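Novice: Pasting final26.csv here (CSV, C-alpha atoms and all ligand atoms):
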```csv
chain,number,residue,atom,x,y,z
A,159,MET,CA,-49.1,-43.6,10.5
A,160,LYS,CA,-45.9,-45.5,10.0
A,161,ARG,CA,-46.0,-44.7,6.3
A,162,ARG,CA,-46.6,-41.0,6.9
A,163,LYS,CA,-43.6,-41.0,9.3
A,164,PHE,CA,-41.5,-42.7,6.7
A,165,ILE,CA,-42.5,-40.2,4.0
A,166,LYS,CA,-41.8,-37.3,6.4
A,167,LYS,CA,-38.4,-38.7,7.2
A,168,THR,CA,-37.3,-39.3,3.7
A,169,SER,CA,-38.6,-36.0,2.3
A,170,PHE,CA,-36.7,-34.2,5.1
A,171,SER,CA,-33.5,-36.0,4.5
A,172,LYS,CA,-34.0,-35.5,0.7
A,173,LEU,CA,-34.6,-31.9,1.3
A,174,GLY,CA,-31.5,-31.7,3.5
A,175,LEU,CA,-29.4,-33.4,0.8
A,176,LEU,CA,-30.8,-31.2,-1.9
A,177,LEU,CA,-30.0,-28.1,0.2
A,178,ILE,CA,-26.5,-29.3,0.9
A,179,THR,CA,-26.0,-29.9,-2.9
A,180,ILE,CA,-27.3,-26.5,-3.8
A,181,LEU,CA,-25.2,-24.8,-1.1
A,182,CYS,CA,-22.1,-26.6,-2.2
A,183,SER,CA,-22.5,-26.1,-5.9
A,184,CYS,CA,-23.3,-22.4,-5.4
A,185,ASN,CA,-20.8,-21.7,-2.7
A,186,THR,CA,-17.5,-23.4,-3.5
A,187,PRO,CA,-16.7,-21.9,-6.9
A,188,LYS,CA,-18.3,-18.6,-6.2
A,189,GLU,CA,-16.5,-18.1,-2.9
A,190,GLU,CA,-13.2,-18.9,-4.6
A,191,LYS,CA,-13.9,-16.5,-7.5
A,192,LYS,CA,-15.2,-13.8,-5.1
A,193,THR,CA,-12.4,-13.6,-2.7
A,194,GLY,CA,-9.3,-14.8,-4.6
A,195,THR,CA,-8.6,-16.9,-1.6
A,196,ILE,CA,-6.7,-20.2,-1.9
A,197,THR,CA,-8.2,-23.6,-2.3
A,198,GLU,CA,-6.2,-26.6,-1.1
A,199,ASN,CA,-4.5,-27.5,-4.4
A,200,GLN,CA,-3.7,-24.0,-5.5
A,201,THR,CA,-0.2,-22.7,-5.1
A,202,ILE,CA,0.7,-19.2,-3.9
A,203,ARG,CA,3.4,-17.4,-5.6
A,204,LYS,CA,5.7,-16.8,-2.6
A,205,PRO,CA,7.8,-15.5,-1.2
A,206,LEU,CA,7.0,-12.3,-3.0
A,207,VAL,CA,7.7,-8.6,-2.6
A,208,ILE,CA,6.3,-5.7,-4.6
A,209,ALA,CA,7.2,-2.0,-4.1
A,210,THR,CA,6.4,1.3,-5.8
A,211,TRP,CA,9.0,2.9,-8.1
A,212,ASN,CA,12.5,1.8,-9.0
A,213,THR,CA,13.4,0.4,-5.6
A,214,PRO,CA,15.6,-2.7,-6.2
A,215,LYS,CA,17.7,-2.4,-3.0
A,216,ALA,CA,14.7,-2.0,-0.8
A,217,VAL,CA,13.0,-5.0,-2.4
A,218,GLU,CA,16.2,-7.0,-2.2
A,219,ALA,CA,16.4,-6.3,1.6
A,220,ALA,CA,12.8,-7.4,2.0
A,221,ALA,CA,13.3,-10.5,-0.1
A,222,LYS,CA,16.4,-11.5,2.0
A,223,VAL,CA,14.2,-11.5,5.1
A,224,LEU,CA,11.7,-13.7,3.4
A,225,GLU,CA,14.3,-16.1,1.9
A,226,LYS,CA,15.6,-16.7,5.3
A,227,GLY,CA,12.2,-17.7,6.5
A,228,GLY,CA,11.3,-14.4,8.0
A,229,ASN,CA,7.8,-13.0,8.1
A,230,ALA,CA,6.2,-10.5,5.8
A,231,LEU,CA,6.0,-7.8,8.5
A,232,ASP,CA,9.7,-7.8,9.1
A,233,ALA,CA,10.4,-7.9,5.4
A,234,VAL,CA,8.4,-4.8,4.6
A,235,GLU,CA,9.9,-2.9,7.5
A,236,GLN,CA,13.4,-3.8,6.6
A,237,GLY,CA,12.7,-3.0,2.9
A,238,CYS,CA,11.4,0.5,3.7
A,239,ARG,CA,14.3,1.2,6.0
A,240,VAL,CA,16.6,1.0,3.0
A,241,GLU,CA,14.9,3.9,1.3
A,242,GLU,CA,14.6,5.9,4.5
A,243,ALA,CA,18.4,5.7,5.1
A,244,ASP,CA,19.3,6.8,1.6
A,245,PRO,CA,20.0,10.6,1.6
A,246,LYS,CA,19.7,10.7,-2.2
A,247,GLY,CA,16.0,9.8,-2.1
A,248,GLN,CA,14.2,13.1,-1.9
A,249,SER,CA,10.8,11.9,-1.0
A,250,VAL,CA,11.4,9.6,1.9
A,251,GLY,CA,13.5,9.5,5.1
A,252,ILE,CA,16.7,11.5,5.4
A,253,GLY,CA,17.2,13.9,2.5
A,254,GLY,CA,13.4,14.3,2.0
A,255,LEU,CA,12.4,17.6,0.6
A,256,PRO,CA,11.0,19.9,3.3
A,257,ASP,CA,7.7,21.7,3.7
A,258,ARG,CA,7.6,25.4,2.6
A,259,GLU,CA,9.1,26.4,6.0
A,260,GLY,CA,12.1,24.2,5.6
A,261,HIS,CA,11.1,21.4,7.9
A,262,VAL,CA,11.4,17.8,6.8
A,263,THR,CA,8.3,16.0,8.1
A,264,LEU,CA,7.8,12.3,7.6
A,265,ASP,CA,4.7,10.1,7.4
A,266,ALA,CA,4.6,6.3,7.5
A,267,CYS,CA,2.3,3.3,8.2
A,268,ILE,CA,2.5,-0.4,8.5
A,269,MET,CA,-0.1,-3.2,8.5
A,270,ASN,CA,0.3,-6.8,9.5
A,271,ASP,CA,-1.6,-10.0,8.5
A,272,LYS,CA,-3.9,-9.7,11.5
A,273,GLY,CA,-5.3,-6.4,10.3
A,274,ASP,CA,-3.4,-4.4,12.9
A,275,TYR,CA,-2.2,-1.0,11.8
A,276,GLY,CA,0.2,1.6,13.1
A,277,ALA,CA,1.2,5.0,11.8
A,278,VAL,CA,3.0,8.3,12.4
A,279,VAL,CA,2.5,11.6,10.7
A,280,ALA,CA,4.4,14.9,10.5
A,281,VAL,CA,7.4,13.5,12.4
A,282,GLU,CA,10.6,15.5,12.5
A,283,ASN,CA,14.2,14.4,13.2
A,284,ILE,CA,13.5,10.7,13.1
A,285,LYS,CA,14.7,8.9,10.0
A,286,HIS,CA,13.2,5.4,10.4
A,287,VAL,CA,9.5,6.3,10.8
A,288,ILE,CA,8.4,2.9,9.4
A,289,SER,CA,9.9,1.3,12.5
A,290,LEU,CA,8.3,4.0,14.6
A,291,ALA,CA,4.9,3.2,13.0
A,292,ARG,CA,5.5,-0.4,13.9
A,293,LYS,CA,6.2,0.6,17.5
A,294,VAL,CA,2.9,2.5,17.6
A,295,MET,CA,1.2,-0.7,16.4
A,296,GLU,CA,2.9,-3.0,18.8
A,297,GLU,CA,3.7,-0.9,21.9
A,298,THR,CA,0.8,1.5,22.3
A,299,PRO,CA,-3.0,1.2,22.6
A,300,HIS,CA,-3.3,3.7,19.6
A,301,VAL,CA,-2.9,3.5,15.9
A,302,LEU,CA,-1.7,6.9,14.9
A,303,LEU,CA,0.7,9.4,16.6
A,304,ALA,CA,1.4,12.9,15.2
A,305,GLY,CA,4.2,15.4,15.3
A,306,LYS,CA,5.9,16.2,18.6
A,307,GLY,CA,4.1,13.3,20.4
A,308,ALA,CA,5.4,10.9,17.9
A,309,GLU,CA,8.9,12.3,18.1
A,310,GLN,CA,8.8,12.1,21.9
A,311,PHE,CA,7.6,8.5,21.7
A,312,ALA,CA,10.5,7.7,19.3
A,313,ILE,CA,13.0,9.1,21.8
A,314,GLU,CA,11.5,7.0,24.6
A,315,GLN,CA,11.8,3.9,22.3
A,316,GLY,CA,15.5,4.6,21.7
A,317,PHE,CA,15.3,6.1,18.2
A,318,GLU,CA,18.2,8.3,17.2
A,319,ARG,CA,17.4,12.0,16.7
A,320,GLU,CA,19.0,13.6,13.6
A,321,ASP,CA,18.7,16.5,11.3
A,322,LEU,CA,17.0,15.2,8.1
A,323,LEU,CA,17.5,18.2,5.9
A,324,THR,CA,20.5,17.4,3.8
A,325,PRO,CA,22.6,20.1,2.0
A,326,ALA,CA,21.1,19.0,-1.3
A,327,SER,CA,17.5,19.3,-0.1
A,328,LYS,CA,18.2,22.6,1.7
A,329,LYS,CA,19.6,24.0,-1.6
A,330,ALA,CA,16.6,22.8,-3.5
A,331,TRP,CA,14.3,24.4,-1.0
A,332,GLU,CA,16.2,27.7,-1.1
A,333,GLU,CA,15.9,27.8,-4.9
A,334,TRP,CA,12.2,27.0,-4.6
A,335,LYS,CA,11.8,29.9,-2.1
A,336,ILE,CA,12.8,32.5,-4.7
A,337,LYS,CA,9.5,32.0,-6.5
A,338,SER,CA,7.7,30.2,-3.6
A,339,GLU,CA,5.2,28.9,-6.2
A,340,TYR,CA,3.1,26.1,-4.7
A,341,LYS,CA,1.9,23.8,-7.4
A,342,PRO,CA,0.5,20.6,-6.1
A,343,ILE,CA,1.8,18.9,-9.2
A,344,ILE,CA,4.0,15.9,-8.9
A,345,ASN,CA,7.0,15.4,-11.1
A,346,ILE,CA,5.8,12.3,-12.7
A,347,GLU,CA,9.2,10.7,-13.2
A,348,ASN,CA,11.1,11.3,-10.0
A,349,HIS,CA,9.6,9.6,-7.0
A,350,ASP,CA,10.8,7.3,-4.3
A,351,THR,CA,8.0,7.3,-1.8
A,352,ILE,CA,7.8,3.6,-1.1
A,353,GLY,CA,4.8,1.5,-0.6
A,354,MET,CA,5.6,-2.2,-0.2
A,355,LEU,CA,3.7,-5.4,0.0
A,356,ALA,CA,5.1,-8.9,0.8
A,357,ILE,CA,3.9,-12.5,1.0
A,358,ASP,CA,5.9,-14.7,3.3
A,359,ASP,CA,6.4,-18.5,3.3
A,360,GLU,CA,3.3,-19.0,5.4
A,361,GLY,CA,1.3,-17.2,2.7
A,362,ASN,CA,0.7,-14.2,5.0
A,363,ILE,CA,0.6,-10.6,3.7
A,364,SER,CA,1.9,-7.4,5.3
A,365,GLY,CA,2.5,-3.9,3.9
A,366,ALA,CA,4.3,-0.7,4.7
A,367,CYS,CA,4.5,2.8,3.3
A,368,THR,CA,6.9,5.7,4.1
A,369,THR,CA,7.4,9.2,2.7
A,370,SER,CA,8.3,12.8,3.3
A,371,GLY,CA,5.2,13.7,1.4
A,372,LEU,CA,4.8,16.5,-1.2
A,373,ALA,CA,7.8,18.8,-1.5
A,374,TYR,CA,7.1,22.3,-0.2
A,375,LYS,CA,3.8,21.3,1.2
A,376,MET,CA,2.0,23.6,3.7
A,377,ALA,CA,3.3,23.0,7.3
A,378,GLY,CA,1.2,20.3,8.9
A,379,ARG,CA,0.0,18.8,5.6
A,380,VAL,CA,-0.4,15.0,5.7
A,381,GLY,CA,-1.0,12.9,2.6
A,382,ASP,CA,-2.3,9.5,1.9
A,383,SER,CA,0.8,7.5,2.7
A,384,PRO,CA,0.2,7.0,6.5
A,385,ILE,CA,-3.6,6.8,6.4
A,386,ILE,CA,-5.1,3.4,6.5
A,387,GLY,CA,-7.0,2.6,3.3
A,388,GLY,CA,-5.4,5.6,1.5
A,389,GLY,CA,-1.7,4.9,0.9
A,390,LEU,CA,-1.9,1.3,2.1
A,391,PHE,CA,-4.3,-1.4,3.0
A,392,VAL,CA,-3.9,-5.1,3.7
A,393,ASP,CA,-6.5,-7.8,4.3
A,394,ASN,CA,-4.7,-11.1,4.7
A,395,GLU,CA,-7.7,-13.0,3.3
A,396,ILE,CA,-7.7,-11.0,0.1
A,397,GLY,CA,-4.5,-9.1,-0.6
A,398,GLY,CA,-3.0,-5.7,-0.3
A,399,ALA,CA,-2.6,-2.4,-2.2
A,400,ALA,CA,-0.3,0.7,-1.9
A,401,ALA,CA,-0.4,4.1,-3.5
A,402,THR,CA,2.0,6.8,-4.6
A,403,GLY,CA,1.5,10.2,-6.2
A,404,LEU,CA,-0.8,13.1,-5.2
A,405,GLY,CA,-2.1,11.9,-1.8
A,406,GLU,CA,-5.1,14.3,-1.8
A,407,GLU,CA,-6.6,12.4,-4.8
A,408,VAL,CA,-5.8,9.0,-3.3
A,409,LEU,CA,-7.4,10.0,0.0
A,410,LYS,CA,-10.6,11.3,-1.7
A,411,THR,CA,-11.2,7.9,-3.3
A,412,VAL,CA,-9.8,5.8,-0.4
A,413,GLY,CA,-7.7,4.2,-3.1
A,414,SER,CA,-5.9,1.2,-1.4
A,415,PHE,CA,-9.0,0.1,0.5
A,416,LEU,CA,-11.0,0.4,-2.7
A,417,ILE,CA,-8.5,-1.9,-4.5
A,418,VAL,CA,-8.7,-4.6,-1.9
A,419,GLU,CA,-12.5,-4.4,-1.8
A,420,LEU,CA,-12.6,-4.7,-5.6
A,421,MET,CA,-10.4,-7.8,-5.4
A,422,ARG,CA,-12.7,-9.2,-2.7
A,423,GLN,CA,-15.5,-8.8,-5.3
A,424,GLY,CA,-13.6,-10.9,-7.8
A,425,MET,CA,-11.4,-8.4,-9.7
A,426,SER,CA,-7.7,-9.3,-10.4
A,427,PRO,CA,-5.1,-7.0,-8.9
A,428,GLN,CA,-4.6,-5.4,-12.3
A,429,GLN,CA,-8.3,-4.8,-12.9
A,430,ALA,CA,-8.7,-3.4,-9.4
A,431,CYS,CA,-5.8,-0.9,-9.9
A,432,GLU,CA,-7.3,0.2,-13.2
A,433,GLU,CA,-10.7,0.8,-11.7
A,434,ALA,CA,-9.2,2.8,-8.8
A,435,ILE,CA,-7.4,5.1,-11.2
A,436,LYS,CA,-10.6,5.4,-13.2
A,437,ARG,CA,-12.4,6.6,-10.1
A,438,ILE,CA,-9.9,9.5,-9.9
A,439,VAL,CA,-9.8,10.3,-13.6
A,440,GLU,CA,-13.6,10.2,-14.1
A,441,LYS,CA,-14.5,12.5,-11.2
A,442,PRO,CA,-16.3,15.7,-12.3
A,443,ASN,CA,-13.7,18.5,-12.7
A,444,SER,CA,-10.8,16.1,-12.3
A,445,ASN,CA,-7.6,17.7,-13.5
A,446,TYR,CA,-5.8,14.4,-13.7
A,447,LYS,CA,-3.6,15.5,-16.5
A,448,ASN,CA,-1.7,17.6,-14.0
A,449,PHE,CA,-0.9,15.0,-11.4
A,450,GLN,CA,0.3,11.5,-11.0
A,451,VAL,CA,-1.2,8.6,-9.0
A,452,GLY,CA,0.1,5.1,-9.2
A,453,TYR,CA,-1.1,1.9,-7.5
A,454,ILE,CA,0.4,-1.5,-6.9
A,455,ALA,CA,-1.6,-4.5,-5.6
A,456,VAL,CA,-1.2,-8.2,-4.8
A,457,ASN,CA,-3.8,-10.8,-4.1
A,458,LYS,CA,-3.7,-13.9,-1.9
A,459,LYS,CA,-2.5,-16.1,-4.8
A,460,GLY,CA,0.5,-13.8,-5.4
A,461,GLU,CA,-0.9,-12.3,-8.6
A,462,VAL,CA,0.1,-8.6,-9.0
A,463,GLY,CA,-1.1,-5.5,-10.7
A,464,ALA,CA,-0.1,-1.9,-11.2
A,465,TYR,CA,-1.6,1.1,-12.9
A,466,SER,CA,-1.0,4.9,-13.0
A,467,ILE,CA,-2.4,8.0,-14.6
A,468,HIS,CA,0.7,9.0,-16.4
A,469,GLU,CA,3.5,7.0,-18.0
A,470,TRP,CA,6.7,6.2,-16.2
A,471,PHE,CA,5.3,4.8,-13.0
A,472,SER,CA,7.2,1.5,-12.3
A,473,TYR,CA,7.5,-1.0,-9.6
A,474,ASN,CA,10.0,-3.6,-8.4
A,475,LEU,CA,8.8,-7.1,-8.1
A,476,TYR,CA,10.6,-10.0,-6.4
A,477,ALA,CA,9.0,-13.3,-7.4
A,478,ASP,CA,10.3,-16.7,-8.4
A,479,GLY,CA,13.8,-15.7,-7.1
A,480,GLU,CA,14.1,-12.6,-9.4
A,481,ASN,CA,14.0,-8.9,-8.6
A,482,LYS,CA,12.9,-6.9,-11.5
A,483,ASN,CA,11.9,-3.3,-12.2
A,484,ILE,CA,8.7,-3.3,-14.3
A,485,LYS,CA,7.1,-0.4,-16.1
A,486,SER,CA,3.4,0.0,-15.2
A,487,ASP,CA,0.6,0.3,-17.7
A,488,TYR,CA,-1.0,3.8,-17.5
A,489,TYR,CA,-4.2,5.7,-18.4
A,490,ILE,CA,-3.1,8.6,-20.5
A,491,LYS,CA,-1.9,7.1,-23.8
A,492,ASN,CA,-2.0,10.2,-26.0
A,501,LIG,C1,1.9,12.1,-0.5
A,501,LIG,N1,1.6,10.1,-1.8
A,501,LIG,O1,2.3,12.6,0.5
A,501,LIG,C2,2.6,11.0,-1.2
A,501,LIG,C3,3.7,11.5,-2.1
A,501,LIG,C4,4.3,10.5,-3.0
A,501,LIG,O2,5.9,9.9,-4.5
A,501,LIG,O3,3.8,9.4,-3.2
A,501,LIG,N2,5.3,10.8,-3.7
A,501,LIG,O4,0.9,12.6,-1.1
```
Show me, as structure tokens, the structure contained in the file I just sent.
Ligand code: SD4
Specialist:
Amino acid sequence: MKRRKFIKKTSFSKLGLLLITILCSCNTPKEEKKTGTITENQTIRKPLVIATWNTPKAVEAAAKVLEKGGNALDAVEQGCRVEEADPKGQSVGIGGLPDREGHVTLDACIMNDKGDYGAVVAVENIKHVISLARKVMEETPHVLLAGKGAEQFAIEQGFEREDLLTPASKKAWEEWKIKSEYKPIINIENHDTIGMLAIDDEGNISGACTTSGLAYKMAGRVGDSPIIGGGLFVDNEIGGAAATGLGEEVLKTVGSFLIVELMRQGMSPQQACEEAIKRIVEKPNSNYKNFQVGYIAVNKKGEVGAYSIHEWFSYNLYADGENKNIKSDYYIKN
């Protein structure tokens, strides 16, 4: 009896040990590979800011916030505000090109490291829609406000009301009206819709995206930029991604969410961006030669990636104390 008890005991404890060994040996490296999350000895490249297109001033503003010890959410908000305030940028904020009826309507969204999200769509007369999106996230029980309701909320929150149609954008629209030809084709070299991701000193990730959308769009049209998983997605355990270009195509493939999920499965940010572009390009009947989509991504370690359909997509990266514009790799090589 005693002997049997002893055998039982040892075989259970041995089994336990064996199980622990198997679990540990399978889990630790796989987990690390799978999610790209950080182990104790690994260093995160931080602070870090990455943003779509040639946006050095926006990235600089975000980097300043981080260098002073600020958090990633404040950084991306401040960064995006720079583009929104620039009347020369014709696809974001003041000076954005209007819809076909002459109305400048803005879309924006923001995500923090807790997985909270706030967005506004089709907002007129309010320049800093990124801050309005943040107010939606922090001050309302909702995640998305549209049009007049969003504008009214902005006024209540003390935002300034102003005419966003600049003389230059009005002139461009009047010239466009002569032919009124709507081609949902994006000029592949002249964007400034900004999607931005940042990692702060704590290693936390936030993201933001702001745009006036496609020039001369139908009234009421909303693109990918303010839609969670489309123009932006952040998962603080994994990383973040942001999109630019023809929003309809990004939305149909839920591009930014896809990239984050691919990184969760073990892809690098670069591989994930390439795979997301491939999903668009390889769709049956895809006319990808006629439009641009570009993605940026960052993982929890601070590794970055970018990829686009056409040449001349670029991104600004602030890392290791330097702010550089970098040309993205792209799909159509000939
Ligand atoms: C949209 N993705 O509304 C935006 C447009 C854009 O650079 O990115 N322009 O579809």
Novice: Would you mind telling me which residue in A:Ile268, A:Ala308, A:Leu409, A:Ala221 lies nearest to A:Phe391 when using only C-alpha atoms?
Specialist: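 Once distances to A:Phe391 are computed over only C-alpha atoms, the minimum belongs to A:Ile268.
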Novice: Name each residue within 6 Å of ligand LIG 501 (chain A), counting only C-alpha atoms and all ligand atoms, as a PDB file with C-alpha atoms, keeping the file's coordinate frame.
Specialist:
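Result written to result_1.pdb:
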```
ATOM      1  CA  HIS A 349       9.600   9.600  -7.000  1.00  0.00           C
ATOM      2  CA  ASP A 350      10.800   7.300  -4.300  1.00  0.00           C
ATOM      3  CA  THR A 351       8.000   7.300  -1.800  1.00  0.00           C
ATOM      4  CA  GLY A 371       5.200  13.700   1.400  1.00  0.00           C
ATOM      5  CA  LEU A 372       4.800  16.500  -1.200  1.00  0.00           C
ATOM      6  CA  GLY A 381      -1.000  12.900   2.600  1.00  0.00           C
ATOM      7  CA  ASP A 382      -2.300   9.500   1.900  1.00  0.00           C
ATOM      8  CA  SER A 383       0.800   7.500   2.700  1.00  0.00           C
ATOM      9  CA  THR A 402       2.000   6.800  -4.600  1.00  0.00           C
ATOM     10  CA  GLY A 403       1.500  10.200  -6.200  1.00  0.00           C
ATOM     11  CA  LEU A 404      -0.800  13.100  -5.200  1.00  0.00           C
ATOM     12  CA  GLY A 405      -2.100  11.900  -1.800  1.00  0.00           C
TER      13      GLY A 405
END
```
Novice: Excluding stretch 204-218 of chain A and its own-chain neighbours fewer than 6 positions away, which residues fall within 7 Å of it when counting all atoms listed in the file? Please give them as a CSV table (one decimal) with C-alpha atoms, in the frame of the given file.
Specialist:
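Result file is around_21.csv:
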```csv
chain,number,residue,atom,x,y,z
A,224,LEU,CA,11.7,-13.7,3.4
A,237,GLY,CA,12.7,-3.0,2.9
A,238,CYS,CA,11.4,0.5,3.7
A,240,VAL,CA,16.6,1.0,3.0
A,241,GLU,CA,14.9,3.9,1.3
A,349,HIS,CA,9.6,9.6,-7.0
A,350,ASP,CA,10.8,7.3,-4.3
A,352,ILE,CA,7.8,3.6,-1.1
A,353,GLY,CA,4.8,1.5,-0.6
A,354,MET,CA,5.6,-2.2,-0.2
A,355,LEU,CA,3.7,-5.4,0.0
A,356,ALA,CA,5.1,-8.9,0.8
A,357,ILE,CA,3.9,-12.5,1.0
A,358,ASP,CA,5.9,-14.7,3.3
A,359,ASP,CA,6.4,-18.5,3.3
A,361,GLY,CA,1.3,-17.2,2.7
A,454,ILE,CA,0.4,-1.5,-6.9
A,460,GLY,CA,0.5,-13.8,-5.4
A,471,PHE,CA,5.3,4.8,-13.0
A,472,SER,CA,7.2,1.5,-12.3
A,473,TYR,CA,7.5,-1.0,-9.6
A,474,ASN,CA,10.0,-3.6,-8.4
A,475,LEU,CA,8.8,-7.1,-8.1
A,476,TYR,CA,10.6,-10.0,-6.4
A,477,ALA,CA,9.0,-13.3,-7.4
A,481,ASN,CA,14.0,-8.9,-8.6
A,483,ASN,CA,11.9,-3.3,-12.2
```
Novice: Measuring atom to atom with only C-alpha atoms, identify which of A:Gly452, A:Gly251, A:Gly413, A:Pro256 is nearest to A:Ala434.
Specialist: A:Gly413
Novice: Of the residues A:Glu297, A:Glu461, A:Glu440, A:Glu282, which is the one nearest to A:Asp321, using only C-alpha atoms?
Specialist: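 Answer, going by the shortest atom-to-atom distance: A:Glu282.
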Novice: Rank nothing, just name the residue among A:Lys328, A:Lys335, A:Arg379, A:Arg258 nearest to A:Gly305, using only C-alpha atoms.
Specialist: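 Among A:Lys328, A:Lys335, A:Arg379, A:Arg258, it is A:Arg379 that comes nearest to A:Gly305.
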Novice: Neighbouring residues of A:Asp265 were defined as those with any atom within 6 Å, considering only C-alpha atoms; residues of the same chain fewer than 3 positions away were excluded. Please report them as JSON, numbers by chain.
Specialist: {"A": [278, 279, 280, 368, 369, 384]}
Novice: From the options A:Glu480, A:Glu309, A:His300, A:Lys447, which residue's atoms come nearest to A:Asn492, counting all atoms listed in the file?
Specialist: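 The closest residue to A:Asn492 is A:Lys447.
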Novice: Hey, which of A:Gly247, A:Gly254, A:Pro299, A:Gly273 ends up closest to A:Gly398? Count all atoms listed in the file.
Specialist: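 Of A:Gly247, A:Gly254, A:Pro299, A:Gly273, the one nearest A:Gly398, counting all atoms listed in the file, is A:Gly273.
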Novice: Tell me, in Å to one decimal, how far atom CA of A:Gly389 is from atom CA of A:Ala401.
Specialist: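 Atom-to-atom, atom CA of A:Gly389 and atom CA of A:Ala401 are spaced 4.7 Å apart.
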Novice: In Å to one decimal, how far is atom CA of A:Gly378 from atom CA of A:Gly260?
Specialist: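 The value is 12.0 Å.
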Novice: If we count only C-alpha atoms and set the cut-off at 8 Å, which residues sit around A:Leu231, ignoring sequence neighbours fewer than 3 positions away in its own chain? Please answer as a list in words.
Specialist: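 My reading of the contact set: Val234, Glu235, Met269, Asn270, Asp271, Ala356, Ile363, Ser364 and Gly365 of chain A.
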Novice: Restrict the selected residues to C-alpha atoms and save them as a JSON list (two decimals), in the coordinates of the input.
Specialist:
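Final output, out_29.json:
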```json
[["chain", "number", "residue", "atom", "x", "y", "z"],
["A", 234, "VAL", "CA", 8.40, -4.80, 4.60],
["A", 235, "GLU", "CA", 9.90, -2.90, 7.50],
["A", 269, "MET", "CA", -0.10, -3.20, 8.50],
["A", 270, "ASN", "CA", 0.30, -6.80, 9.50],
["A", 271, "ASP", "CA", -1.60, -10.00, 8.50],
["A", 356, "ALA", "CA", 5.10, -8.90, 0.80],
["A", 363, "ILE", "CA", 0.60, -10.60, 3.70],
["A", 364, "SER", "CA", 1.90, -7.40, 5.30],
["A", 365, "GLY", "CA", 2.50, -3.90, 3.90]]
```
Novice: For atom CA of A:Pro325 and atom CA of A:Glu339, quote the distance in Å rounded to one decimal.
Specialist: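 According to the coordinates, atom CA of A:Pro325 and atom CA of A:Glu339 are separated by 21.2 Å.
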